[in-house]
file my_file.txt (compact mmCIF, C-alpha atoms)
# COMPACT_ATOMS: atom_id res chain seq x y z
CA MET A 30 -49.00 64.77 24.90
CA ASN A 31 -47.20 63.32 21.92
CA GLU A 32 -44.81 61.57 24.21
CA ALA A 33 -47.69 60.04 26.09
CA LYS A 34 -49.21 58.78 22.84
CA ILE A 35 -45.90 57.24 21.83
CA GLN A 36 -45.61 55.48 25.16
CA VAL A 37 -49.13 54.13 24.91
CA ALA A 38 -48.49 52.93 21.35
CA ALA A 39 -45.29 51.23 22.45
CA ALA A 40 -47.04 49.50 25.32
CA GLN A 41 -49.80 48.27 23.04
CA ALA A 42 -47.44 47.02 20.30
CA PRO A 43 -47.07 43.22 20.14
CA ALA A 44 -43.90 42.03 21.88
CA ILE A 45 -41.16 40.90 19.51
CA PRO A 46 -39.82 37.49 20.49
CA ILE A 47 -36.26 37.54 21.75
CA TRP A 48 -35.07 35.18 19.07
CA ARG A 49 -36.46 37.46 16.41
CA LYS A 50 -34.75 40.45 17.95
CA TRP A 51 -31.51 38.51 17.85
CA THR A 52 -31.90 37.80 14.16
CA GLN A 53 -31.83 41.56 13.58
CA THR A 54 -28.53 42.06 15.39
CA LYS A 55 -25.15 42.58 13.78
CA THR A 56 -23.94 39.36 15.43
CA PHE A 57 -26.54 37.25 13.68
CA ARG A 58 -25.99 38.93 10.33
CA GLU A 59 -22.24 38.31 10.70
CA LEU A 60 -22.91 34.65 11.52
CA ILE A 61 -25.13 34.07 8.49
CA THR A 62 -22.70 35.93 6.23
CA ASP A 63 -19.86 33.69 7.37
CA ILE A 64 -21.83 30.46 7.00
CA TRP A 65 -23.01 31.22 3.49
CA ASN A 66 -21.41 34.20 1.79
CA ASP A 67 -17.94 33.38 3.12
CA ASN A 68 -18.30 29.61 2.97
CA PRO A 69 -14.69 28.39 2.67
CA THR A 70 -15.44 25.44 0.38
CA PHE A 71 -18.27 26.51 -1.91
CA ARG A 72 -17.55 30.25 -2.08
CA MET A 73 -13.90 30.85 -1.45
CA VAL A 74 -12.81 27.37 -2.63
CA LEU A 75 -10.27 27.12 0.17
CA ALA A 76 -9.08 24.18 2.29
CA LEU A 77 -9.65 21.64 -0.46
CA CYS A 78 -7.03 19.22 0.87
CA PRO A 79 -8.99 18.15 3.99
CA THR A 80 -12.20 18.48 1.98
CA MET A 81 -10.99 15.83 -0.46
CA GLY A 82 -9.38 13.58 2.10
CA ALA A 83 -11.74 13.65 5.05
CA THR A 84 -15.18 13.39 3.43
CA ASN A 85 -15.32 9.77 2.28
CA MET A 86 -17.98 9.35 4.94
CA ALA A 87 -20.40 11.88 6.37
CA VAL A 88 -19.34 11.28 9.98
CA ASN A 89 -15.68 11.89 9.02
CA GLY A 90 -16.65 15.16 7.41
CA LEU A 91 -18.67 16.15 10.46
CA THR A 92 -15.80 15.35 12.82
CA MET A 93 -13.28 17.18 10.67
CA GLY A 94 -15.58 20.19 10.47
CA ILE A 95 -16.13 20.33 14.22
CA ALA A 96 -12.39 19.96 14.85
CA THR A 97 -11.69 22.83 12.48
CA LEU A 98 -14.47 24.91 14.02
CA PHE A 99 -13.00 24.49 17.48
CA ALA A 100 -9.47 25.32 16.32
CA THR A 101 -10.64 28.35 14.35
CA ALA A 102 -12.91 29.68 17.08
CA GLY A 103 -10.36 29.16 19.86
CA SER A 104 -7.48 30.67 17.94
CA SER A 105 -9.50 33.64 16.66
CA PHE A 106 -10.80 34.43 20.14
CA THR A 107 -7.34 34.17 21.69
CA ILE A 108 -5.66 36.20 18.97
CA SER A 109 -8.31 38.88 19.26
CA LEU A 110 -7.73 39.09 23.02
CA VAL A 111 -3.99 39.70 22.61
CA ARG A 112 -4.01 41.49 19.29
CA THR A 113 -2.87 44.83 20.72
CA PHE A 114 0.22 43.28 22.30
CA ILE A 115 1.54 41.45 19.24
CA PRO A 116 3.98 43.49 17.14
CA ASN A 117 3.21 43.59 13.46
CA GLU A 118 6.55 42.05 12.52
CA VAL A 119 5.88 38.77 14.35
CA ARG A 120 2.12 38.52 14.03
CA THR A 121 2.12 35.58 11.58
CA ALA A 122 4.49 33.54 13.75
CA ALA A 123 2.42 34.35 16.84
CA TYR A 124 -0.84 33.40 15.11
CA MET A 125 0.66 30.09 13.87
CA ILE A 126 1.79 29.18 17.39
CA VAL A 127 -1.67 29.81 18.80
CA ILE A 128 -3.37 27.91 15.99
CA ALA A 129 -0.94 25.00 16.32
CA ALA A 130 -1.63 24.78 20.06
CA TYR A 131 -5.40 24.58 19.55
CA VAL A 132 -5.08 22.04 16.74
CA THR A 133 -2.78 19.84 18.83
CA VAL A 134 -5.28 19.89 21.69
CA VAL A 135 -8.02 18.84 19.26
CA HIS A 136 -5.82 16.04 17.95
CA LEU A 137 -5.09 14.74 21.45
CA VAL A 138 -8.76 14.84 22.41
CA LEU A 139 -9.75 12.95 19.25
CA GLN A 140 -7.09 10.29 19.84
CA ALA A 141 -8.26 9.86 23.41
CA TYR A 142 -12.05 9.89 23.05
CA LEU A 143 -12.76 9.09 19.37
CA PRO A 144 -9.85 6.87 18.27
CA PRO A 145 -11.63 5.30 15.25
CA LEU A 146 -12.44 8.74 13.88
CA ALA A 147 -8.94 9.99 14.67
CA GLN A 148 -7.53 7.12 12.65
CA ALA A 149 -10.01 7.61 9.83
CA LEU A 150 -9.04 11.28 9.57
CA GLY A 151 -5.35 10.37 9.66
CA PRO A 152 -2.99 13.31 9.15
CA TYR A 153 -5.76 15.74 8.14
CA VAL A 154 -6.45 16.78 11.72
CA ALA A 155 -2.87 17.92 12.25
CA LEU A 156 -2.97 19.60 8.85
CA ILE A 157 -5.66 22.00 10.12
CA ILE A 158 -2.64 24.06 11.18
CA THR A 159 -1.87 24.68 7.51
CA ASN A 160 -5.50 25.35 6.66
CA CYS A 161 -5.43 28.72 4.91
CA PHE A 162 -8.77 30.02 6.10
CA VAL A 163 -7.89 29.47 9.78
CA LEU A 164 -4.89 31.78 9.50
CA GLY A 165 -6.83 33.92 7.07
CA ARG A 166 -9.63 34.65 9.58
CA ALA A 167 -7.06 35.45 12.23
CA GLU A 168 -5.25 37.83 9.91
CA ALA A 169 -8.29 39.40 8.27
CA PHE A 170 -10.72 39.58 11.16
CA ALA A 171 -9.50 38.57 14.61
CA SER A 172 -6.51 40.90 14.46
CA LYS A 173 -8.80 43.86 13.81
CA ASN A 174 -11.93 43.17 15.85
CA GLY A 175 -12.97 42.48 19.39
CA PRO A 176 -13.08 39.01 20.95
CA TRP A 177 -16.85 38.49 20.78
CA LEU A 178 -17.20 39.42 17.11
CA SER A 179 -14.06 37.44 16.24
CA LEU A 180 -15.51 34.40 17.97
CA VAL A 181 -18.79 34.78 16.10
CA ASP A 182 -16.95 35.20 12.82
CA ALA A 183 -14.83 32.10 13.42
CA VAL A 184 -17.83 30.04 14.52
CA GLY A 185 -19.70 31.14 11.41
CA VAL A 186 -16.87 30.19 9.07
CA GLY A 187 -16.37 26.93 10.96
CA LEU A 188 -20.06 26.09 10.73
CA GLY A 189 -20.00 26.84 7.01
CA PHE A 190 -17.00 24.59 6.56
CA THR A 191 -18.66 21.84 8.60
CA LEU A 192 -21.84 22.14 6.57
CA SER A 193 -19.93 21.83 3.30
CA LEU A 194 -17.94 18.81 4.52
CA VAL A 195 -21.10 17.05 5.69
CA LEU A 196 -22.91 17.73 2.41
CA ILE A 197 -19.96 16.38 0.43
CA GLY A 198 -19.59 13.43 2.79
CA ILE A 199 -23.25 12.47 2.49
CA VAL A 200 -23.06 12.24 -1.30
CA ARG A 201 -19.80 10.31 -1.28
CA GLU A 202 -20.97 7.90 1.40
CA ILE A 203 -24.29 7.18 -0.29
CA LEU A 204 -22.62 6.46 -3.62
CA GLY A 205 -19.51 4.86 -2.18
CA PHE A 206 -21.07 2.63 0.50
CA GLY A 207 -24.84 2.85 0.12
CA THR A 208 -25.04 4.23 3.66
CA VAL A 209 -25.36 7.62 5.33
CA PHE A 210 -23.89 8.20 8.78
CA GLY A 211 -23.40 4.43 8.93
CA MET A 212 -27.07 3.60 8.31
CA THR A 213 -27.70 1.34 5.33
CA LEU A 214 -29.89 2.96 2.71
CA PHE A 215 -29.74 0.41 -0.06
CA GLU A 216 -29.43 -3.32 0.53
CA GLY A 217 -27.04 -5.04 -1.84
CA TRP A 218 -25.56 -1.74 -3.00
CA THR A 219 -22.54 -2.03 -5.29
CA ASN A 220 -19.92 0.35 -3.95
CA TRP A 221 -18.79 3.12 -6.28
CA VAL A 222 -15.15 2.90 -5.27
CA PHE A 223 -14.32 6.05 -7.25
CA MET A 224 -16.48 8.03 -4.83
CA ILE A 225 -14.52 6.76 -1.84
CA VAL A 226 -11.15 7.92 -3.16
CA PRO A 227 -10.23 11.63 -3.43
CA GLY A 228 -10.86 11.65 -7.19
CA GLY A 229 -14.56 11.30 -6.53
CA ALA A 230 -14.37 14.16 -4.05
CA PHE A 231 -13.15 16.48 -6.82
CA ILE A 232 -16.25 15.68 -8.87
CA VAL A 233 -18.64 16.20 -5.95
CA VAL A 234 -17.00 19.46 -4.85
CA GLY A 235 -17.04 20.75 -8.40
CA ILE A 236 -20.74 20.01 -8.76
CA TYR A 237 -21.55 21.71 -5.46
CA VAL A 238 -19.50 24.80 -6.35
CA GLY A 239 -21.25 24.96 -9.69
CA ILE A 240 -24.70 24.72 -8.11
CA VAL A 241 -23.90 27.34 -5.47
CA ARG A 242 -22.44 29.74 -8.02
CA TYR A 243 -25.36 29.24 -10.39
CA TYR A 244 -28.09 29.92 -7.86
CA SER A 245 -26.19 32.48 -5.82
CA PRO A 246 -23.65 34.17 -8.05
CA GLY A 247 -22.91 37.02 -5.69
CA GLY A 248 -19.55 35.68 -4.58
CA SER A 249 -18.03 35.94 -1.09
CA SER A 250 -18.16 39.15 0.90
CA SER A 251 -14.37 39.30 0.88
CA GLU A 252 -14.12 39.24 -2.91
CA THR A 253 -13.46 42.63 -4.54
CA MET B 20 7.09 60.94 33.50
CA SER B 21 8.36 58.68 36.33
CA GLN B 22 11.44 56.49 35.94
CA ASN B 23 9.36 53.27 35.80
CA SER B 24 7.08 54.53 33.10
CA GLU B 25 10.09 55.79 31.17
CA LYS B 26 11.59 52.27 31.29
CA GLN B 27 8.29 50.77 30.20
CA SER B 28 8.04 53.21 27.36
CA ALA B 29 11.58 52.40 26.27
CA PHE B 30 10.78 48.69 26.29
CA TRP B 31 7.61 49.20 24.31
CA LYS B 32 9.47 51.21 21.72
CA ASN B 33 12.26 48.63 21.35
CA LYS B 34 10.60 46.52 18.67
CA PRO B 35 13.04 43.59 18.45
CA LEU B 36 13.00 43.19 22.22
CA ARG B 37 9.23 43.50 22.43
CA SER B 38 8.76 41.01 19.58
CA ALA B 39 11.04 38.48 21.26
CA VAL B 40 9.34 38.85 24.65
CA VAL B 41 5.82 38.61 23.22
CA LEU B 42 6.71 35.52 21.18
CA LEU B 43 8.36 33.95 24.19
CA VAL B 44 5.28 34.55 26.34
CA ILE B 45 3.01 33.07 23.67
CA ILE B 46 5.26 30.03 23.31
CA VAL B 47 5.41 29.44 27.07
CA VAL B 48 1.64 29.74 27.53
CA SER B 49 0.93 27.50 24.51
CA THR B 50 3.41 24.91 25.72
CA ALA B 51 1.85 24.90 29.17
CA ALA B 52 -1.61 24.39 27.67
CA LEU B 53 -0.35 21.56 25.47
CA GLU B 54 1.38 19.90 28.40
CA ALA B 55 -1.85 20.01 30.39
CA ALA B 56 -3.80 18.51 27.50
CA TYR B 57 -1.16 15.80 27.05
CA MET B 58 -1.16 14.86 30.73
CA ALA B 59 -4.94 14.66 30.72
CA THR B 60 -5.10 12.37 27.68
CA LYS B 61 -1.91 10.29 27.61
CA GLU B 62 -3.24 7.37 29.65
CA ILE B 63 -6.41 7.17 27.64
CA ILE B 64 -4.42 7.27 24.39
CA ALA B 65 -2.07 4.55 25.64
CA ARG B 66 -5.07 2.39 26.58
CA ASN B 67 -6.57 2.93 23.11
CA GLN B 68 -3.32 1.90 21.45
CA ARG B 69 -3.15 -1.22 23.60
CA THR B 70 -6.74 -2.04 22.63
CA LYS B 71 -5.87 -1.64 18.96
CA LEU B 72 -2.86 -3.92 19.35
CA TYR B 73 -4.92 -6.59 21.12
CA GLN B 74 -7.60 -6.41 18.45
CA GLY B 75 -4.98 -6.72 15.70
CA ILE B 76 -3.31 -9.72 17.31
CA LEU B 77 -6.59 -11.54 17.93
CA SER B 78 -7.79 -10.81 14.41
CA VAL B 79 -4.70 -12.15 12.62
CA MET B 80 -4.88 -15.30 14.74
CA GLY B 81 -8.48 -15.88 13.72
CA PHE B 82 -10.05 -15.06 17.07
CA GLU B 83 -12.99 -12.75 17.73
CA SER B 84 -11.59 -9.22 17.96
CA GLY B 85 -14.62 -7.22 19.14
CA LEU B 86 -14.35 -4.84 22.07
CA ASP B 87 -16.62 -6.81 24.41
CA GLY B 88 -14.46 -8.85 26.76
CA LEU B 89 -11.35 -8.00 24.74
CA ASP B 90 -8.89 -7.97 27.63
CA GLU B 91 -10.20 -11.25 29.07
CA ARG B 92 -10.16 -12.91 25.67
CA PHE B 93 -6.59 -11.76 25.06
CA GLU B 94 -5.44 -13.02 28.46
CA THR B 95 -7.10 -16.38 27.86
CA ARG B 96 -6.11 -16.95 24.25
CA VAL B 97 -2.71 -15.31 23.84
CA VAL B 98 0.67 -15.74 25.49
CA THR B 99 3.24 -12.98 25.13
CA ARG B 100 6.92 -13.80 24.77
CA VAL B 101 9.51 -11.02 24.88
CA PHE B 102 12.99 -11.59 23.46
CA PRO B 103 15.63 -8.89 23.94
CA GLN B 104 17.67 -8.22 20.83
CA ARG B 105 21.25 -7.09 20.36
CA ASP B 106 20.15 -3.61 19.35
CA GLY B 107 18.54 -3.19 22.75
CA LYS B 108 14.98 -3.44 21.46
CA ASP B 109 12.58 -6.17 22.48
CA PHE B 110 11.17 -8.57 19.89
CA ASN B 111 7.67 -9.70 20.88
CA VAL B 112 6.05 -12.89 19.71
CA TRP B 113 2.45 -13.58 20.61
CA ILE B 114 1.37 -17.23 20.72
CA GLY B 115 -2.29 -18.06 20.18
CA LYS B 116 -3.83 -21.02 22.00
CA ASP B 117 -6.49 -23.14 20.35
CA ASP B 118 -9.39 -24.85 22.17
CA ALA B 119 -7.31 -27.98 22.81
CA GLY B 120 -4.54 -25.97 24.45
CA GLY B 121 -2.21 -26.30 21.49
CA ILE B 122 -0.71 -23.55 19.35
CA LYS B 123 -3.15 -21.95 16.92
CA GLY B 124 -0.62 -19.55 15.46
CA TYR B 125 1.79 -16.73 16.06
CA ALA B 126 1.70 -12.96 15.67
CA ILE B 127 4.63 -10.64 15.20
CA ARG B 128 4.80 -6.87 15.11
CA LEU B 129 6.59 -4.99 12.35
CA ARG B 130 7.37 -1.41 13.27
CA GLY B 131 9.60 1.18 11.68
CA GLY B 132 9.91 4.14 9.37
CA GLY B 133 8.08 4.05 6.07
CA PHE B 134 8.12 6.55 3.24
CA GLN B 135 6.63 9.44 5.15
CA GLY B 136 5.91 8.26 8.66
CA ILE B 137 5.62 5.22 10.84
CA VAL B 138 4.56 1.79 9.63
CA ASP B 139 3.28 -0.39 12.46
CA VAL B 140 1.58 -3.65 11.54
CA VAL B 141 0.90 -7.04 13.09
CA VAL B 142 1.23 -10.16 10.93
CA GLY B 143 -0.15 -13.58 11.83
CA LEU B 144 1.68 -16.84 11.04
CA THR B 145 0.70 -20.48 11.02
CA PRO B 146 2.16 -22.74 13.77
CA ASP B 147 4.87 -23.97 11.35
CA LEU B 148 5.67 -20.37 10.32
CA LYS B 149 5.24 -21.28 6.65
CA LYS B 150 2.25 -19.12 5.84
CA THR B 151 0.69 -15.83 6.90
CA THR B 152 -2.75 -15.81 8.49
CA GLY B 153 -3.51 -12.11 8.39
CA MET B 154 -2.28 -8.57 8.74
CA GLU B 155 -3.64 -5.61 10.69
CA VAL B 156 -2.34 -2.05 10.70
CA ILE B 157 -1.80 -0.69 14.20
CA ASP B 158 -0.53 2.71 13.11
CA SER B 159 0.35 4.39 9.85
CA GLY B 160 1.86 7.73 9.04
CA GLU B 161 2.03 7.12 5.32
CA THR B 162 0.57 9.30 2.59
CA PRO B 163 -3.23 9.11 2.36
CA GLY B 164 -4.22 7.57 -0.95
CA LEU B 165 -0.80 6.00 -1.43
CA GLY B 166 1.03 4.13 1.33
CA ASP B 167 -1.86 4.62 3.73
CA GLU B 168 -3.96 2.44 1.41
CA MET B 169 -2.52 -0.49 3.35
CA ARG B 170 -5.09 0.42 6.04
CA MET B 171 -8.05 0.69 3.69
CA CYS B 172 -10.48 -2.09 2.87
CA TYR B 173 -13.07 -0.97 0.33
CA ASP B 174 -14.28 -4.52 -0.36
CA PRO B 175 -13.35 -7.27 2.14
CA GLU B 176 -13.84 -9.94 -0.55
CA ASP B 177 -11.44 -8.43 -3.08
CA ALA B 178 -7.72 -8.26 -2.29
CA HIS B 179 -7.28 -5.60 -5.00
CA LEU B 180 -9.47 -3.32 -2.88
CA CYS B 181 -8.36 -4.60 0.52
CA PHE B 182 -4.59 -4.87 0.83
CA LYS B 183 -4.54 -6.95 4.02
CA LYS B 184 -6.60 -9.68 2.34
CA TRP B 185 -3.45 -10.87 0.57
CA PHE B 186 -2.13 -11.78 4.02
CA TYR B 187 -5.41 -13.24 5.24
CA ASP B 188 -5.54 -15.46 2.12
CA GLY B 189 -2.12 -16.82 3.10
CA ILE B 190 1.26 -15.86 1.67
CA GLU B 191 3.94 -18.52 1.88
CA THR B 192 6.97 -17.31 3.78
CA GLU B 193 9.55 -19.56 2.12
CA PRO B 194 12.02 -18.91 0.70
CA MET B 195 11.01 -15.33 1.48
CA VAL B 196 8.02 -13.07 1.05
CA ASP B 197 8.04 -10.85 -2.03
CA PHE B 198 5.68 -8.62 -4.00
CA VAL B 199 4.83 -7.90 -7.62
CA LYS B 200 3.76 -4.65 -9.20
CA TYR B 201 0.93 -3.92 -11.63
CA LYS B 202 -0.17 -7.57 -11.88
CA ASP B 203 -1.51 -10.37 -9.73
CA PRO B 204 0.95 -12.65 -7.92
CA GLU B 205 2.19 -15.68 -9.84
CA HIS B 206 3.85 -17.49 -6.95
CA PRO B 207 2.43 -18.42 -3.55
CA ASN B 208 5.02 -16.33 -1.69
CA GLU B 209 4.01 -13.10 -3.40
CA TYR B 210 1.47 -10.35 -2.88
CA ARG B 211 0.48 -7.44 -5.07
CA ALA B 212 2.06 -4.07 -4.29
CA ILE B 213 -0.03 -1.05 -3.33
CA THR B 214 -0.38 1.03 -6.48
CA GLY B 215 1.84 4.09 -6.31
CA ALA B 216 3.30 3.06 -2.95
CA THR B 217 6.27 0.87 -3.74
CA TYR B 218 8.27 2.23 -0.82
CA THR B 219 5.61 1.28 1.72
CA THR B 220 5.14 -2.14 0.13
CA THR B 221 8.89 -2.69 0.18
CA THR B 222 9.05 -1.62 3.83
CA ILE B 223 6.44 -4.20 4.83
CA ARG B 224 8.22 -6.93 2.85
CA ASP B 225 11.64 -6.14 4.31
CA PHE B 226 10.35 -5.84 7.87
CA LEU B 227 8.45 -9.12 7.50
CA ASN B 228 11.41 -11.07 6.08
CA LYS B 229 13.70 -9.72 8.78
CA ALA B 230 11.22 -10.62 11.51
CA LEU B 231 10.73 -14.07 9.98
CA GLY B 232 14.46 -14.64 10.24
CA ILE B 233 14.35 -13.88 13.94
CA VAL B 234 11.22 -15.97 14.55
CA ARG B 235 12.64 -18.98 12.69
CA GLY B 236 15.73 -18.81 14.88
CA LEU B 237 13.63 -18.72 18.04
CA TYR B 238 11.48 -21.55 16.72
CA ALA B 239 14.53 -23.69 15.99
CA GLU B 240 15.76 -23.04 19.54
CA GLY B 241 12.44 -24.27 20.90
CA LYS B 242 11.60 -20.93 22.50
CA LEU B 243 8.17 -20.54 20.98
CA GLY B 244 6.33 -23.25 22.90
CA LEU B 245 3.49 -22.65 25.36

call {"tool": "encode", "arguments": {"input": "my_file.txt", "output": "structure tokens"}}
result
Amino acid sequence: MNEAKIQVAAAQAPAIPIWRKWTQTKTFRELITDIWNDNPTFRMVLALCPTMGATNMAVNGLTMGIATLFATAGSSFTISLVRTFIPNEVRTAAYMIVIAAYVTVVHLVLQAYLPPLAQALGPYVALIITNCFVLGRAEAFASKNGPWLSLVDAVGVGLGFTLSLVLIGIVREILGFGTVFGMTLFEGWTNWVFMIVPGGAFIVVGIYVGIVRYYSPGGSSSET
Amino acid sequence: MSQNSEKQSAFWKNKPLRSAVVLLVIIVVSTAALEAAYMATKEIIARNQRTKLYQGILSVMGFESGLDGLDERFETRVVTRVFPQRDGKDFNVWIGKDDAGGIKGYAIRLRGGGFQGIVDVVVGLTPDLKKTTGMEVIDSGETPGLGDEMRMCYDPEDAHLCFKKWFYDGIETEPMVDFVKYKDPEHPNEYRAITGATYTTTTIRDFLNKALGIVRGLYAEGKLGL
């Protein structure tokens, strides 16, 4: 009788949308944690070299972020797939080879299909190989978790990095060129040259980190 | 345990051997993937580099350098002359044709090692080779913020913020091109060095003077006509 009542109650309960169900899953929580709590730029203050050099314009920051996202996601997924076969003694070398392969593919694709952006980003695309959080996610997460969760983790961190680069790029481009994503905002704008060079990036990044830490002082989930 | 599984177990326990084999497999697979990516993109990349070169040459000669009709414009306006050198490399001179069919100017390519990476620029010259008409960077592997500033143009009207404008404004090539540091040029054959990038600036000067020597010789021999 009780079972029958439960079944009737369940049938009468309003259906939960699929997207809402997904937001209650571990995958979604992991994704949001990586985008915000483990944000490489504003939380962990990592990968500042490409952040300074590749965000003079918003579109450069977006491209750099997507390139890093692809390299991180691909390498994390691959490393997670083969993690049980890699001996502990050579894991760093193995991870670097995988990461380097993905980054080189990204670089070739950019040179082929987006040559102006490839030139604007200069050596920073190749330097994704040395990006500490790419190897860090492989070491800290992909080597210990399954492929799907590793992919989600890497995508989350990559999206967080992309978001931070775009936010920094927008500010620098508006002040440096009077445009955003190439669209003129202010006619007759006097360029703030300091915002175009990396020195201006330091100021913008510092302000963002300060704002994030002030309003959300919890720190990253990997901090002890 | 069977003999095969005993051998497998022995292999798995031999850490140095297992490490070497696993690394080798990863290297081989990565290399194969990179080779596939390279084969798929190399022609497109070569075409992009050719486009950049054409745009640079047309720009330093004062022609329209937009992408629309670029190849046709280049074929119509520019003649390419190739001169083999003693070191086995080819020295290219591009000759621009004006509307009357005469010579509008020349373009030469300066390519070599800079401070950190490659320096690859095209410089335009007047028909008498006595003045520059422009400079465009085809490729640069120099340090961002330092030598790579030769590519940047923050304000096209101000040579202090747009290095190539020195060349577009016209630098006299005789007796030889030179640069000054930390101040504006005092002589018509000078340009201002990139701040903090003396090596790159020196590289451009030396490449340009060397190329000018070759071009003057070809000019004197009458080999640079249309």

call {"tool": "residues_near_point", "arguments": {"input": "my_file.txt", "point": "(-4.4, -15.2, 1.4)", "cutoff": "10 Å", "atoms": "all atoms listed in the file", "output": "PDB file with C-alpha atoms, keeping the file's coordinate frame"}}
result
ATOM      1  CA  LYS B 150       2.250 -19.120   5.840  1.00  0.00           C
ATOM      2  CA  THR B 151       0.690 -15.830   6.900  1.00  0.00           C
ATOM      3  CA  THR B 152      -2.750 -15.810   8.490  1.00  0.00           C
ATOM      4  CA  GLY B 153      -3.510 -12.110   8.390  1.00  0.00           C
ATOM      5  CA  ALA B 178      -7.720  -8.260  -2.290  1.00  0.00           C
ATOM      6  CA  LYS B 183      -4.540  -6.950   4.020  1.00  0.00           C
ATOM      7  CA  LYS B 184      -6.600  -9.680   2.340  1.00  0.00           C
ATOM      8  CA  TRP B 185      -3.450 -10.870   0.570  1.00  0.00           C
ATOM      9  CA  PHE B 186      -2.130 -11.780   4.020  1.00  0.00           C
ATOM     10  CA  TYR B 187      -5.410 -13.240   5.240  1.00  0.00           C
ATOM     11  CA  ASP B 188      -5.540 -15.460   2.120  1.00  0.00           C
ATOM     12  CA  GLY B 189      -2.120 -16.820   3.100  1.00  0.00           C
ATOM     13  CA  ILE B 190       1.260 -15.860   1.670  1.00  0.00           C
ATOM     14  CA  GLU B 191       3.940 -18.520   1.880  1.00  0.00           C
ATOM     15  CA  PRO B 207       2.430 -18.420  -3.550  1.00  0.00           C
ATOM     16  CA  ASN B 208       5.020 -16.330  -1.690  1.00  0.00           C
ATOM     17  CA  GLU B 209       4.010 -13.100  -3.400  1.00  0.00           C
ATOM     18  CA  TYR B 210       1.470 -10.350  -2.880  1.00  0.00           C
TER      19      TYR B 210
END

call {"tool": "atom_distance", "arguments": {"input": "my_file.txt", "atom1": "atom CA of Arg69 of chain B", "atom2": "atom CA of Ile213 of chain B"}}
result
27.1 Å

call {"tool": "residues_around", "arguments": {"input": "my_file.txt", "residues": "segment 83-99 of chain A", "least_positions_apart": "2", "cutoff": "8 Å", "atoms": "all atoms listed in the file", "output": "PyMOL selection string"}}
result
chain A and resi 79-81+101-103+131-132+135+146+149-150+153-154+157+183-184+186-188+190-192+194-199+201-202+205+209-210+224-227+230

call {"tool": "atom_distance", "arguments": {"input": "my_file.txt", "atom1": "atom CA of Val41 of chain B", "atom2": "atom CA of Ala167 of chain A"}}
result
17.2 Å

call {"tool": "closest_residue", "arguments": {"input": "my_file.txt", "among": "B:Phe182, B:Tyr125, B:Tyr73, B:Phe93", "to": "Ile157 of chain B", "atoms": "all atoms listed in the file"}}
result
B:Tyr73

call {"tool": "closest_residue", "arguments": {"input": "my_file.txt", "among": "B:Val44, B:Leu180, B:Ala126, B:Val199", "to": "Ile76 of chain B", "atoms": "all atoms listed in the file"}}
result
B:Ala126

call {"tool": "atom_distance", "arguments": {"input": "my_file.txt", "atom1": "atom CA of Gly175 of chain A", "atom2": "atom CA of Lys32 of chain B"}}
result
24.2 Å

call {"tool": "residues_near_point", "arguments": {"input": "my_file.txt", "point": "(4.0, -24.0, 27.8)", "cutoff": "12 Å", "atoms": "all atoms listed in the file", "output": "list of chain:residue names"}}
result
B:Val97, B:Val98, B:Thr99, B:Arg100, B:Ile114, B:Gly115, B:Lys116, B:Gly120, B:Gly121, B:Ile122, B:Gly241, B:Lys242, B:Leu243, B:Gly244, B:Leu245

call {"tool": "residues_around", "arguments": {"input": "my_file.txt", "residues": "Thr159 of chain A", "least_positions_apart": "3", "cutoff": "9 Å", "atoms": "only C-alpha atoms", "output": "VMD selection string"}}
result
chain A and resid 76 125 129 155 to 156 162 to 164

call {"tool": "write_last_selection", "arguments": {"input": "my_file.txt", "atoms": "C-alpha atoms", "output": "PDB file, in the coordinates of the input"}}
result
ATOM      1  CA  ALA A  76      -9.080  24.180   2.290  1.00  0.00           C
ATOM      2  CA  MET A 125       0.660  30.090  13.870  1.00  0.00           C
ATOM      3  CA  ALA A 129      -0.940  25.000  16.320  1.00  0.00           C
ATOM      4  CA  ALA A 155      -2.870  17.920  12.250  1.00  0.00           C
ATOM      5  CA  LEU A 156      -2.970  19.600   8.850  1.00  0.00           C
ATOM      6  CA  PHE A 162      -8.770  30.020   6.100  1.00  0.00           C
ATOM      7  CA  VAL A 163      -7.890  29.470   9.780  1.00  0.00           C
ATOM      8  CA  LEU A 164      -4.890  31.780   9.500  1.00  0.00           C
TER       9      LEU A 164
END

call {"tool": "residues_around", "arguments": {"input": "my_file.txt", "residues": "Asp67 of chain A", "least_positions_apart": "2", "cutoff": "12 Å", "atoms": "only C-alpha atoms", "output": "number ranges by chain"}}
result
A: 59-65, 69-75, 162, 165-166, 182-190, 193, 247-252
